[in-house]
Each structure stands twice: as structure tokens, then as C-alpha cells.
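> Enclosed is the structure file structure26.txt (compact mmCIF, C-alpha atoms).
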# COMPACT_ATOMS: atom_id res chain seq x y z
CA MET Y 1 28.18 48.85 10.77
CA LEU Y 2 26.91 51.82 8.74
CA PRO Y 3 24.91 49.73 6.21
CA LEU Y 4 23.38 47.77 9.10
CA ARG Y 5 22.28 50.96 10.87
CA ARG Y 6 20.73 52.23 7.67
CA LEU Y 7 18.86 48.94 7.27
CA ASN Y 8 17.55 49.15 10.83
CA ARG Y 9 16.35 52.69 10.30
CA ALA Y 10 14.64 51.66 7.05
CA VAL Y 11 12.89 48.75 8.77
CA ARG Y 12 11.68 50.99 11.60
CA ARG Y 13 10.19 53.41 9.07
CA LEU Y 14 8.05 50.71 7.43
CA PRO Y 15 4.29 51.06 8.00
CA TRP Y 16 4.03 47.93 10.11
CA PRO Y 17 0.38 48.33 11.11
CA LEU Y 18 -0.58 48.53 7.44
CA ILE Y 19 1.65 45.56 6.52
CA LEU Y 20 0.15 43.43 9.28
CA LEU Y 21 -3.36 44.46 8.27
CA VAL Y 22 -2.69 43.41 4.68
CA ALA Y 23 -0.98 40.16 5.72
CA LEU Y 24 -3.68 39.09 8.18
CA PRO Y 25 -6.22 37.89 5.57
CA PHE Y 26 -3.54 35.80 3.86
CA PHE Y 27 -2.52 34.26 7.17
CA LEU Y 28 -6.11 33.49 8.12
CA GLU Y 29 -6.76 31.97 4.70
CA ALA Y 30 -3.75 29.67 5.11
CA VAL Y 31 -4.93 28.63 8.59
CA TYR Y 32 -8.44 27.93 7.28
CA HIS Y 33 -7.06 26.01 4.31
CA ASN Y 34 -5.01 23.73 6.56
CA TRP Y 35 -7.96 23.33 8.92
CA GLN Y 36 -9.98 21.90 6.01
CA TYR Y 37 -7.43 19.10 5.73
CA GLN Y 38 -7.58 18.14 9.39
CA VAL Y 39 -8.56 14.51 9.80
CA PRO Y 40 -11.55 14.02 12.14
CA ARG Y 41 -10.60 11.51 14.82
CA PRO Y 42 -13.14 9.05 16.26
CA SER Y 43 -13.85 8.83 19.98
CA THR Y 44 -13.38 5.04 19.93
CA PRO Y 45 -11.20 2.80 17.73
CA LEU Y 46 -12.87 1.94 14.43
CA ASP Y 47 -10.35 -0.69 13.31
CA ALA Y 48 -9.47 -2.92 16.24
CA PRO Y 49 -7.53 -6.16 15.65
CA PHE Y 50 -9.81 -9.06 14.76
CA PHE Y 51 -8.22 -11.04 17.63
CA THR Y 52 -5.61 -10.24 20.26
CA ALA Y 53 -4.51 -13.78 21.19
CA CYS Y 54 -4.23 -17.26 19.71
CA GLN Y 55 -7.43 -19.01 18.66
CA GLU Y 56 -8.15 -22.68 18.05
CA PRO Y 57 -8.10 -22.79 14.22
CA ASP Y 58 -11.53 -23.64 12.81
CA VAL Y 59 -10.44 -26.33 10.38
CA ASP Y 60 -14.01 -27.33 9.50
CA GLY Y 61 -15.58 -23.90 9.13
CA ALA Y 62 -16.99 -22.39 5.94
CA ARG Y 63 -14.44 -20.77 3.66
CA GLU Y 64 -14.66 -17.55 1.69
CA ASN Y 65 -14.35 -17.47 -2.10
CA ALA Y 66 -10.66 -16.61 -1.87
CA VAL Y 67 -7.23 -17.42 -3.25
CA PHE Y 68 -3.57 -16.65 -2.61
CA VAL Y 69 -1.76 -15.11 -5.58
CA MET Y 70 1.98 -15.10 -6.22
CA LEU Y 71 3.68 -13.61 -9.27
CA ALA Y 72 6.97 -15.44 -9.73
CA ARG Y 73 9.56 -16.46 -12.27
CA ASN Y 74 11.04 -19.92 -12.77
CA LYS Y 75 14.39 -18.74 -11.39
CA GLU Y 76 12.69 -17.73 -8.12
CA ARG Y 77 11.83 -21.33 -7.24
CA HIS Y 78 13.75 -21.39 -3.96
CA LYS Y 79 12.48 -17.98 -2.86
CA ALA Y 80 8.90 -18.97 -3.72
CA LYS Y 81 9.27 -22.16 -1.69
CA ARG Y 82 10.42 -20.17 1.36
CA THR Y 83 7.26 -18.08 1.17
CA ILE Y 84 4.92 -21.04 0.72
CA ARG Y 85 6.55 -23.00 3.54
CA SER Y 86 6.05 -20.00 5.80
CA ILE Y 87 2.40 -19.27 4.96
CA GLU Y 88 1.52 -22.98 5.10
CA ALA Y 89 3.13 -23.38 8.53
CA GLN Y 90 1.60 -20.23 9.98
CA PHE Y 91 -1.87 -20.30 8.39
CA ASN Y 92 -2.82 -22.37 5.38
CA ARG Y 93 -2.25 -25.86 6.81
CA TRP Y 94 -5.44 -25.21 8.77
CA PHE Y 95 -7.47 -23.24 6.23
CA ALA Y 96 -6.41 -24.84 2.91
CA TYR Y 97 -6.97 -21.99 0.48
CA PRO Y 98 -5.73 -22.51 -3.10
CA ILE Y 99 -2.53 -20.79 -4.20
CA LEU Y 100 -2.35 -19.33 -7.71
CA PHE Y 101 1.10 -18.91 -9.24
CA LEU Y 102 1.39 -16.50 -12.17
CA ASN Y 103 4.26 -16.15 -14.63
CA ASP Y 104 4.67 -14.18 -17.85
CA GLU Y 105 6.62 -17.12 -19.31
CA PRO Y 106 5.85 -20.87 -19.52
CA TRP Y 107 6.39 -22.66 -16.24
CA ASP Y 108 9.37 -24.90 -15.63
CA PRO Y 109 7.97 -28.37 -14.74
CA ARG Y 110 10.34 -28.52 -11.78
CA PHE Y 111 8.91 -25.27 -10.37
CA VAL Y 112 5.39 -26.65 -10.76
CA SER Y 113 6.09 -30.00 -9.11
CA GLU Y 114 8.11 -28.62 -6.21
CA LEU Y 115 5.82 -25.69 -5.44
CA ASN Y 116 2.68 -27.78 -5.71
CA ALA Y 117 4.19 -30.22 -3.22
CA THR Y 118 5.15 -27.39 -0.88
CA ALA Y 119 1.61 -26.03 -1.17
CA GLY Y 120 0.13 -29.39 -0.23
CA GLY Y 121 -1.33 -29.96 -3.69
CA LYS Y 122 -3.26 -26.69 -3.66
CA GLY Y 123 -1.20 -25.00 -6.37
CA ILE Y 124 -2.65 -23.54 -9.58
CA PHE Y 125 -0.16 -22.53 -12.27
CA GLU Y 126 -1.08 -20.07 -15.00
CA VAL Y 127 0.74 -18.08 -17.67
CA ILE Y 128 -0.32 -14.44 -17.98
CA PRO Y 129 -1.77 -13.69 -21.44
CA LYS Y 130 0.49 -11.42 -23.49
CA GLU Y 131 -2.21 -8.75 -23.80
CA HIS Y 132 -2.06 -8.33 -20.01
CA TRP Y 133 1.75 -8.17 -19.87
CA SER Y 134 2.65 -5.69 -22.55
CA TYR Y 135 2.37 -2.08 -23.68
CA PRO Y 136 -1.02 -0.52 -24.40
CA ASP Y 137 -2.04 -0.87 -28.07
CA TRP Y 138 -1.88 2.87 -28.66
CA MET Y 139 1.61 3.35 -27.20
CA ASP Y 140 4.73 3.84 -29.33
CA GLN Y 141 6.86 1.02 -27.97
CA ASP Y 142 10.14 2.42 -29.28
CA VAL Y 143 9.53 5.67 -27.41
CA ALA Y 144 8.46 3.78 -24.27
CA LYS Y 145 11.56 1.61 -24.31
CA LYS Y 146 13.77 4.69 -24.61
CA GLN Y 147 11.94 6.24 -21.64
CA ILE Y 148 12.47 3.09 -19.60
CA LYS Y 149 16.15 3.00 -20.50
CA ALA Y 150 16.49 6.64 -19.41
CA GLN Y 151 15.10 5.71 -15.98
CA GLY Y 152 17.85 3.15 -15.37
CA GLY Y 153 20.77 3.54 -13.04
CA GLY Y 154 18.51 4.62 -10.19
CA SER Y 155 17.39 7.89 -11.79
CA GLY Y 156 13.78 6.71 -11.92
CA GLY Y 157 13.71 4.75 -8.68
CA PRO Y 158 14.27 1.05 -7.91
CA HIS Y 159 13.88 -1.27 -10.93
CA ALA Y 160 12.79 1.65 -13.14
CA GLY Y 161 15.18 0.62 -15.90
CA LEU Y 162 13.61 -2.84 -16.24
CA GLU Y 163 10.91 -3.26 -18.88
CA GLY Y 164 9.36 -6.21 -17.08
CA TYR Y 165 8.98 -4.24 -13.88
CA HIS Y 166 6.91 -1.60 -15.70
CA HIS Y 167 4.71 -4.36 -17.16
CA MET Y 168 4.30 -5.79 -13.65
CA CYS Y 169 3.23 -2.45 -12.17
CA ARG Y 170 0.66 -1.93 -14.93
CA PHE Y 171 -0.54 -5.53 -14.61
CA TYR Y 172 -1.11 -5.37 -10.86
CA SER Y 173 -2.64 -1.89 -11.15
CA GLY Y 174 -5.37 -2.75 -13.58
CA LYS Y 175 -5.20 -6.01 -15.51
CA PHE Y 176 -4.76 -8.56 -12.77
CA TYR Y 177 -8.29 -8.70 -11.31
CA ASN Y 178 -9.94 -9.60 -14.59
CA LEU Y 179 -7.82 -12.61 -15.51
CA ASP Y 180 -10.08 -15.51 -16.46
CA VAL Y 181 -8.51 -17.70 -13.79
CA LEU Y 182 -9.43 -15.15 -11.10
CA LYS Y 183 -12.95 -14.23 -12.20
CA LYS Y 184 -14.52 -16.87 -9.98
CA TYR Y 185 -12.84 -15.51 -6.83
CA LYS Y 186 -13.87 -12.53 -4.73
CA TRP Y 187 -10.95 -12.26 -2.31
CA TYR Y 188 -7.21 -12.51 -2.77
CA TRP Y 189 -4.12 -12.46 -0.57
CA ARG Y 190 -0.99 -11.36 -2.37
CA LEU Y 191 2.26 -13.21 -1.77
CA GLU Y 192 5.79 -12.47 -2.98
CA PRO Y 193 8.78 -14.78 -3.30
CA ASP Y 194 11.08 -14.67 -0.26
CA VAL Y 195 8.73 -13.24 2.35
CA GLU Y 196 8.25 -14.60 5.85
CA PHE Y 197 5.30 -14.81 8.22
CA THR Y 198 6.53 -14.73 11.80
CA CYS Y 199 3.30 -15.29 13.77
CA ALA Y 200 0.65 -17.98 13.75
CA ILE Y 201 -2.53 -16.72 12.05
CA THR Y 202 -5.16 -18.86 13.74
CA TYR Y 203 -8.27 -17.20 12.33
CA ASP Y 204 -9.46 -16.69 8.76
CA PRO Y 205 -8.68 -13.09 7.63
CA PHE Y 206 -10.94 -13.45 4.59
CA ALA Y 207 -13.93 -14.43 6.74
CA HIS Y 208 -13.41 -11.59 9.19
CA MET Y 209 -12.82 -9.03 6.43
CA ALA Y 210 -16.15 -10.09 4.91
CA LYS Y 211 -17.93 -10.13 8.29
CA ARG Y 212 -16.82 -6.56 9.06
CA ASN Y 213 -17.37 -5.17 5.55
CA LYS Y 214 -13.67 -4.52 4.96
CA VAL Y 215 -12.31 -4.27 1.43
CA TYR Y 216 -8.57 -3.73 1.94
CA GLY Y 217 -6.03 -5.02 4.46
CA PHE Y 218 -2.33 -4.20 4.92
CA THR Y 219 0.56 -4.62 7.34
CA ILE Y 220 3.15 -1.92 6.53
CA ALA Y 221 2.79 1.69 5.35
CA LEU Y 222 5.74 3.77 4.21
CA TRP Y 223 6.87 6.42 1.75
CA GLU Y 224 6.84 5.91 -2.01
CA VAL Y 225 10.08 6.69 -3.83
CA GLY Y 226 9.25 10.15 -5.11
CA LYS Y 227 11.40 10.10 -8.24
CA SER Y 228 9.58 7.01 -9.50
CA CYS Y 229 6.23 8.76 -10.01
CA PRO Y 230 6.44 12.57 -10.15
CA GLY Y 231 3.26 12.85 -12.23
CA LEU Y 232 1.06 10.20 -10.61
CA PHE Y 233 -0.58 12.31 -7.96
CA ARG Y 234 -1.37 15.14 -10.35
CA ALA Y 235 -3.01 12.70 -12.76
CA THR Y 236 -4.93 11.15 -9.86
CA THR Y 237 -6.29 14.47 -8.64
CA GLU Y 238 -7.27 15.43 -12.19
CA TRP Y 239 -9.35 12.26 -12.38
CA LYS Y 240 -10.76 12.82 -8.89
CA GLU Y 241 -11.89 16.37 -9.69
CA SER Y 242 -13.26 15.51 -13.12
CA ARG Y 243 -15.43 12.76 -11.60
CA GLY Y 244 -16.56 14.81 -8.62
CA VAL Y 245 -15.12 12.39 -6.06
CA ALA Y 246 -15.36 13.87 -2.56
CA ALA Y 247 -12.32 13.82 -0.28
CA THR Y 248 -12.56 11.16 2.42
CA SER Y 249 -10.79 11.41 5.75
CA LEU Y 250 -8.26 8.84 4.50
CA TRP Y 251 -7.56 11.02 1.48
CA LYS Y 252 -6.96 13.97 3.78
CA ALA Y 253 -4.66 11.79 5.90
CA MET Y 254 -2.53 11.13 2.82
CA MET Y 255 -2.22 14.83 2.06
CA GLU Y 256 0.13 17.54 3.28
CA ALA Y 257 -1.73 20.80 2.88
CA SER Y 258 0.36 23.81 1.92
CA TRP Y 259 0.79 26.77 4.27
CA MET Y 260 1.36 29.08 1.32
CA PRO Y 261 -1.64 31.44 1.16
CA PHE Y 262 -3.90 31.81 -1.86
CA PRO Y 263 -3.28 32.81 -4.65
CA PHE Y 264 0.45 32.14 -4.26
CA ARG Y 265 -0.25 28.53 -3.32
CA ARG Y 266 -1.07 27.67 -6.91
CA LEU Y 267 2.52 28.44 -7.88
CA LEU Y 268 3.51 25.27 -6.02
CA SER Y 269 1.46 23.17 -8.45
CA TRP Y 270 4.49 22.95 -10.74
CA ILE Y 271 6.31 20.89 -8.11
CA PRO Y 272 5.96 17.08 -8.42
CA HIS Y 273 3.43 15.29 -6.21
CA ARG Y 274 1.17 18.33 -5.92
CA ASP Y 275 -2.33 18.98 -7.18
CA SER Y 276 -3.37 21.97 -9.26
CA TYR Y 277 -3.98 23.97 -6.07
CA GLY Y 278 -0.44 23.41 -4.76
CA ASP Y 279 -1.22 20.88 -2.02
CA ALA Y 280 0.99 17.81 -1.75
CA TRP Y 281 0.68 14.06 -1.44
CA SER Y 282 2.79 12.95 1.51
CA LEU Y 283 3.95 9.92 -0.56
CA CYS Y 284 2.59 7.69 2.21
CA HIS Y 285 1.05 4.51 0.88
CA PHE Y 286 0.22 0.92 1.77
CA TRP Y 287 3.07 -1.45 0.93
CA ASN Y 288 1.08 -3.90 -1.11
CA ASN Y 289 3.47 -6.85 -1.37
CA PHE Y 290 1.20 -7.89 1.52
CA GLU Y 291 -2.36 -7.17 0.50
CA ILE Y 292 -5.65 -8.84 1.35
CA ALA Y 293 -8.40 -7.32 -0.72
CA ASP Y 294 -11.90 -7.68 -2.09
CA MET Y 295 -11.32 -7.86 -5.84
CA ASP Y 296 -14.81 -6.50 -6.46
CA PHE Y 297 -13.47 -3.15 -5.25
CA PHE Y 298 -10.87 -3.19 -8.02
CA ARG Y 299 -13.39 -4.54 -10.52
CA SER Y 300 -15.73 -1.65 -9.83
CA LYS Y 301 -16.63 0.86 -12.55
CA ALA Y 302 -14.98 3.70 -10.63
CA TYR Y 303 -11.66 1.90 -10.17
CA GLY Y 304 -11.65 0.69 -13.77
CA ASP Y 305 -12.26 4.24 -14.98
CA TYR Y 306 -9.44 5.51 -12.74
CA PHE Y 307 -7.00 2.92 -14.06
CA ASP Y 308 -7.94 3.61 -17.68
CA TYR Y 309 -7.36 7.33 -17.10
CA LEU Y 310 -3.90 6.65 -15.66
CA ASP Y 311 -3.10 4.17 -18.40
CA LYS Y 312 -3.84 6.73 -21.12
CA LYS Y 313 -1.46 9.14 -19.41
CA GLY Y 314 1.35 6.70 -20.16
CA GLY Y 315 2.97 7.06 -16.75
CA PHE Y 316 3.42 3.33 -16.22
CA TYR Y 317 6.22 3.61 -18.80
CA SER Y 318 7.25 7.27 -19.10
CA GLU Y 319 7.66 7.09 -15.31
CA ARG Y 320 7.54 4.09 -12.98
CA TRP Y 321 4.07 4.36 -11.51
CA GLY Y 322 3.89 1.58 -8.92
CA ASP Y 323 0.84 -0.55 -8.22
CA ALA Y 324 1.23 0.04 -4.46
CA ALA Y 325 0.82 3.78 -4.91
CA VAL Y 326 -2.03 3.35 -7.41
CA HIS Y 327 -3.91 0.98 -5.10
CA SER Y 328 -3.35 3.23 -2.09
CA LEU Y 329 -4.57 6.39 -3.78
CA ALA Y 330 -7.61 4.53 -5.12
CA VAL Y 331 -8.48 3.11 -1.70
CA ALA Y 332 -8.11 6.58 -0.17
CA MET Y 333 -10.48 8.03 -2.78
CA LEU Y 334 -13.06 5.30 -3.22
CA ALA Y 335 -13.30 3.29 0.00
CA ASP Y 336 -14.79 4.26 3.32
CA PRO Y 337 -11.85 4.54 5.76
CA GLN Y 338 -13.56 2.03 8.06
CA GLN Y 339 -13.30 -0.51 5.23
CA VAL Y 340 -9.50 -0.50 5.53
CA HIS Y 341 -7.90 -2.87 8.04
CA HIS Y 342 -4.41 -2.85 9.52
CA PHE Y 343 -3.35 -6.43 10.30
CA GLU Y 344 -1.20 -5.33 13.21
CA ASP Y 345 -1.33 -8.82 14.73
CA ILE Y 346 0.31 -10.49 11.70
CA GLY Y 347 4.08 -10.85 11.73
CA TYR Y 348 5.51 -10.20 8.26
CA ARG Y 349 8.89 -9.64 6.66
CA HIS Y 350 9.67 -8.46 3.14
CA ASP Y 351 13.23 -7.56 2.25
CA LYS Y 352 14.61 -5.59 5.24
CA PHE Y 353 11.28 -4.39 6.54
CA TYR Y 354 9.30 -6.12 9.25
CA GLN Y 355 6.17 -5.99 11.28
CA CYS Y 356 6.51 -8.28 14.27
CA PRO Y 357 4.04 -7.72 17.11
CA GLU Y 358 4.64 -8.66 20.73
CA ASN Y 359 2.95 -11.82 21.93
CA ALA Y 360 -0.25 -11.59 23.94
CA LEU Y 361 0.22 -12.26 27.64
CA ASP Y 362 -1.50 -15.53 28.63
CA GLY Y 363 -2.89 -15.77 25.09
CA GLN Y 364 -0.66 -18.42 23.48
CA LEU Y 365 -2.72 -21.58 24.14
CA PRO Y 366 0.37 -23.57 25.19
CA ASN Y 367 -1.53 -26.88 25.34
CA ALA Y 368 -3.29 -26.59 21.98
CA LEU Y 369 -2.41 -29.63 19.87
CA SER Y 370 -3.25 -27.76 16.68
CA LEU Y 371 -0.42 -25.31 17.44
CA SER Y 372 2.15 -27.89 18.52
CA GLU Y 373 4.41 -27.06 15.55
CA ASN Y 374 4.28 -23.29 16.11
CA LYS Y 375 7.02 -22.97 18.68
CA PRO Y 376 9.12 -21.66 20.26
CA TRP Y 377 7.83 -18.11 20.52
CA THR Y 378 9.28 -14.93 21.94
CA PRO Y 379 8.28 -13.82 25.47
CA GLU Y 380 4.74 -12.66 26.12
CA VAL Y 381 4.16 -9.02 27.00
CA ALA Y 382 1.24 -7.23 28.64
CA GLY Y 383 -0.61 -5.44 25.86
CA GLY Y 384 0.79 -7.75 23.19
CA ILE Y 385 -1.57 -9.01 20.49
CA GLY Y 386 0.51 -11.60 18.60
CA CYS Y 387 0.02 -15.35 18.47
CA ARG Y 388 3.22 -17.35 18.87
CA CYS Y 389 5.26 -14.69 17.11
CA LYS Y 390 8.92 -15.44 16.69
CA CYS Y 391 10.69 -12.09 16.59
CA THR Y 392 14.45 -12.43 16.66
CA GLY Y 393 15.19 -8.86 17.73
CA LYS Y 394 16.70 -7.66 14.47
CA GLU Y 395 13.18 -6.75 13.34
CA LYS Y 396 13.20 -3.79 15.71
CA LEU Y 397 15.55 -1.99 13.34
CA HIS Y 398 12.85 -1.95 10.70
CA ASN Y 399 9.69 -2.80 12.68
CA TYR Y 400 7.49 -0.27 10.99
CA GLN Y 401 5.82 2.08 13.43
CA SER Y 402 6.28 5.04 11.17
CA TYR Y 403 5.05 8.49 10.28
CA CYS Y 404 3.12 7.00 7.37
CA LEU Y 405 1.48 4.27 9.42
CA ASP Y 406 0.37 6.83 11.99
CA LYS Y 407 -1.00 9.13 9.28
CA LEU Y 408 -2.94 6.47 7.42
CA LYS Y 409 -4.48 5.10 10.61
CA GLN Y 410 -5.72 8.52 11.77
CA PRO Y 411 -9.31 8.16 10.43
CA ASN Y 412 -9.85 5.02 12.53
CA THR Y 413 -7.78 5.87 15.60
CA PRO Y 414 -8.74 8.15 18.53
CA LYS Y 415 -6.36 10.97 19.27
CA ILE Y 416 -4.10 10.34 22.26
CA GLU Y 417 -4.63 13.11 24.77
What do you get writing this file as C-alpha cells?


Amino acid sequence: MLPLRRLNRAVRRLPWPLILLVALPFFLEAVYHNWQYQVPRPSTPLDAPFFTACQEPDVDGARENAVFVMLARNKERHKAKRTIRSIEAQFNRWFAYPILFLNDEPWDPRFVSELNATAGGKGIFEVIPKEHWSYPDWMDQDVAKKQIKAQGGGSGGPHAGLEGYHHMCRFYSGKFYNLDVLKKYKWYWRLEPDVEFTCAITYDPFAHMAKRNKVYGFTIALWEVGKSCPGLFRATTEWKESRGVAATSLWKAMMEASWMPFPFRRLLSWIPHRDSYGDAWSLCHFWNNFEIADMDFFRSKAYGDYFDYLDKKGGFYSERWGDAAVHSLAVAMLADPQQVHHFEDIGYRHDKFYQCPENALDGQLPNALSLSENKPWTPEVAGGIGCRCKCTGKEKLHNYQSYCLDKLKQPNTPKIE
């Protein structure tokens, strides 16, 4: 008890008015700093769903200059077929967009014949040139391979010990959009083997993206695996500052401003995922295994310069910088937030994660002959926006209404009072 009494007496003797007076400026600075990162919220929604009920598919309408793209291996034939069956049944049997299949190895003739048949003859099969699926010319490959090996066993995040996965991340981050086979297209919709579309998509997303001046569309937003890319955000903010890129409201939505007051805040800059001022990236990003995008955005001078800067840092191999994170940070920096669209009406599953919206009440067009194959569907709900969605119930375990989705939609979504 005696030491405690002495401590109490010592605390009471402290010059508290002086301490509070000294601390007040630091506290106010921290409050002001966080206020600067507040995301302005609109008074009305700026990114409403394109439609909130089934439509009669416009099978004769004009089409955008667009293509589906799937990166697959010969051994993924069955998984690729599941994806193509799903997207054909739910969308492409009406709209007939071509489907480009990419592989870093020569195609197995059986894969080509079966997938082209599944795609209704709309398949295009290309082998990725070696210069797009390899290490940069300047990189010491022996060192890079040792770094990749060291990331194995989960220490560097999922798939970080696989050389091919690093090539894939680099390819999708910066080499993909300039392939000769894609140069004639403006829009693309990314597909992955073994994904599922669980709602009918009875309108053309490409056409409505173009009509509303959108450049990027997504379904799910979640956290990046932090240990896969500890240096990515710092490299990104170095590029952003060196090019004088102003912070958009979407960029601010991705951030978690520090409450540590200046100048102590800068001490936090040594922690991964922080900029030189000590503020953090939340790790929230768009999960780009579903991605509908204007490739001219990624072909732009600014994006190309950003990718080249990252590439020279070597982080696609010394770490496992993922294309989803790279795309998301670039969109947050370089696109107007209103140019980003959440396809909340599209039902989608990848791995264990789902987005499956509720069906629109009285919006299912039960007598539409064009939708005769898209049944049965789960019960309709007031306020639902889906078209003939078939949600089995298990999706609710992973039906992503998350912290990240809420954060990244802030710039386009009014605040709920």
C-alpha cells in the first residue's frame, strides 16, 4: 500500500494545468488530421444499380467493343467449363460476347474443343508471350527465385511460394492490357475457373458502364492479406506524391488516418502498409477475380507510369504484390469515385465467398419466354434487386456486406442518419 500512496501523492503534485495546456495543441492537431481524411458523403446516391428487376434481354441491340477474359491452365478444363456454363446461362446466351482464354503454355486440343463448344463457338485461345509471363529483364532471377521460395509455407500469404503466381500477379497488373489480341477491345470482363453466377443478368453491363461513364465495376470488397505485400502501399504513396496526384474521396475511404499527433506520427511510417507520414492503408480492396473495366484506364499514361514504378521496386517477386490490390489502389488514385460501380444486383461466387442479392418483388417477369430456362428462383423480397437469383442459403455465411464494402462505397453513398 505504501508505494501506491506515494504514487498517488506524486500524481497529485504534477502540474496538470500545464500538462493539459501543452497536450492540447497535439490533441487538436490529431483531430484536425483525422478530419482531413473524412470522406464527404453525397446527399443522394451516386452509384445506384443499373436495374432493380429483370429486363427483357435486348438480343438485337448494339454491342460494346468488349470481351470476356479467362486465364486458365489445361488441367483446369472442368473448372473452366463450370464457369462458362454459368455465364452463358445467366448472361451470354443473349448477348454473345467473345470469350478469350489465355494460357502461359500451349493449349491442349481437348481444352480448346470442349471450351469452345461450351462457349457456343465464341472462344478465342491464345498463348501468352514469354516476355509477358516472366521476370523483368533487369532482375536477378536467382535472387528472385530464392525470395519466392522464402515466401512459401504461408509466410508470404496464399500462393506466395509459387513462381507462376508471381508471374500472374505481374501480368494482370501491367502486361495484360497491351497483349496484341486485346488491343482491339476497349472493355473486358474477367472470369476465373470455377466461379458461379447465381442471378440472371438481363442487361448489358458493358453498355451501361459506357453510358454512365464508368471505368471499373466490382462485386466484392474485402481485406488484402497483409503479409503478402508489406511494401506495396509505401511504394504507391511514393509514386503518388512524386507525381503530385491529389487524394480523391475514394483514396481517403481506403485510408485509416493515425490518431498519433505530429511529429510522433512519422515514427509509425516504419510499420508496413503506412505512408511516410504514418497513416495506414486499411488493406480494403476490390476483389478483382470479378472485374468489368475499361482497358483504356489501364492503358493510360498515368497507370502505365504507376505500374512501371512498382515493377522497378521488384515487389512482385520480393513480396507477393497482388493485381487486385494494385488495381484497387490505382482506381482510388486515378479514377473519379463516381466512375466506380458496385454490381450489387449480380449474384457471384468465388471460392467460399458470395454475393447473392435478394430477388426483386414483382420484378421476375414470370411469363418471359427469354427467361424460361432461368428457374427456379428464391423467394422475392420487398426491396430486393436481383433477377431470378438462386441463393441456396449457405451464401449468407459469406455474403459479403463487410467493413471494406461499406468503406469503399462511402464516396457514392449518402450517410444513414

> Please report the interatomic distance between CA of Cys387 (chain Y) and CA of Ile201 (chain Y) in Å with one decimal.

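Separation of CA of Cys387 (chain Y) and CA of Ile201 (chain Y): 7.0 Å.
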
> Between Y:Ala235, Y:Leu115, Y:Leu71, Y:Leu222, single out the one closest to Ser276 (chain Y), counting all atoms listed in the file.

Y:Ala235

> Show me, as a VMD selection string, the residues that have an atom within 9 Å of Lys407 (chain Y) when counting all atoms listed in the file, minus same-chain residues fewer than 6 positions from it.

chain Y and resid 250 253 to 254 284

> So, counting all atoms listed in the file, which residue among Y:Cys391, Y:Val31, Y:Leu46, Y:Ile84 is closest to Thr413 (chain Y)?

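Among Y:Cys391, Y:Val31, Y:Leu46, Y:Ile84, it is Y:Leu46 that comes nearest to Thr413 (chain Y).
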
> As an exercise, work out the distance from CA of Ile292 (chain Y) to CA of His342 (chain Y) in Å and give it to one decimal place.

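For CA of Ile292 (chain Y) relative to CA of His342 (chain Y), the distance reads 10.2 Å.
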
> Residues near Asp194 (chain Y), anyone? I mean within 6 Å using all atoms listed in the file, not counting same-chain ones fewer than 4 positions away, as a list in words.

Lys79, Ala80, Arg82 and Thr83 of chain Y

> Keeping only C-alpha atoms, write those residues as a JSON list (two decimals), in the coordinates of the input.


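Contents of the output file result_23.json:
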[["chain", "number", "residue", "atom", "x", "y", "z"],
["Y", 79, "LYS", "CA", 12.48, -17.98, -2.86],
["Y", 80, "ALA", "CA", 8.90, -18.97, -3.72],
["Y", 82, "ARG", "CA", 10.42, -20.17, 1.36],
["Y", 83, "THR", "CA", 7.26, -18.08, 1.17]]

> Taking all atoms listed in the file into account, name the residue in Y:Lys312, Y:Lys301, Y:Arg234, Y:His350 that is nearest to Asp275 (chain Y).

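Smallest separation from Asp275 (chain Y) among the options: Y:Arg234.
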
> Considering all atoms listed in the file, state which residue in the set Y:Gly174, Y:Gly153, Y:Pro337, Y:Gly386 is at the smallest distance from Asn412 (chain Y).

Y:Pro337

> Using all atoms listed in the file for the distances, tell me which of Y:Pro129, Y:Pro136, Y:Pro25, Y:Gly226 is nearest to Arg170 (chain Y).

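Ranking Y:Pro129, Y:Pro136, Y:Pro25, Y:Gly226 by distance to Arg170 (chain Y), first place goes to Y:Pro136.
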
> Of the candidates Y:Ala30, Y:Cys169, Y:Ile385, Y:Ile99, which shows the shortest atom-to-atom distance to Arg265 (chain Y), using all atoms listed in the file?

Y:Ala30

> Could you give me, as an MDAnalysis selection string, the residues that have an atom at most 12 Å away from the point (12.8, -0.9, -17.1) in the coordinates of the file, using all atoms listed in the file?

chainID Y and resid 144:169 228 316:321

> Would you mind reading off the distance between CA of Phe27 (chain Y) and CA of Ser258 (chain Y), one decimal, in Å?

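One can read the CA of Phe27 (chain Y) to CA of Ser258 (chain Y) distance as 12.0 Å.
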
> Leaving out Glu126 (chain Y) and any residue of its chain fewer than 5 positions from it, which residues lie within 7 Å of it when counting only C-alpha atoms, given as number ranges by chain?

Y: 101-103
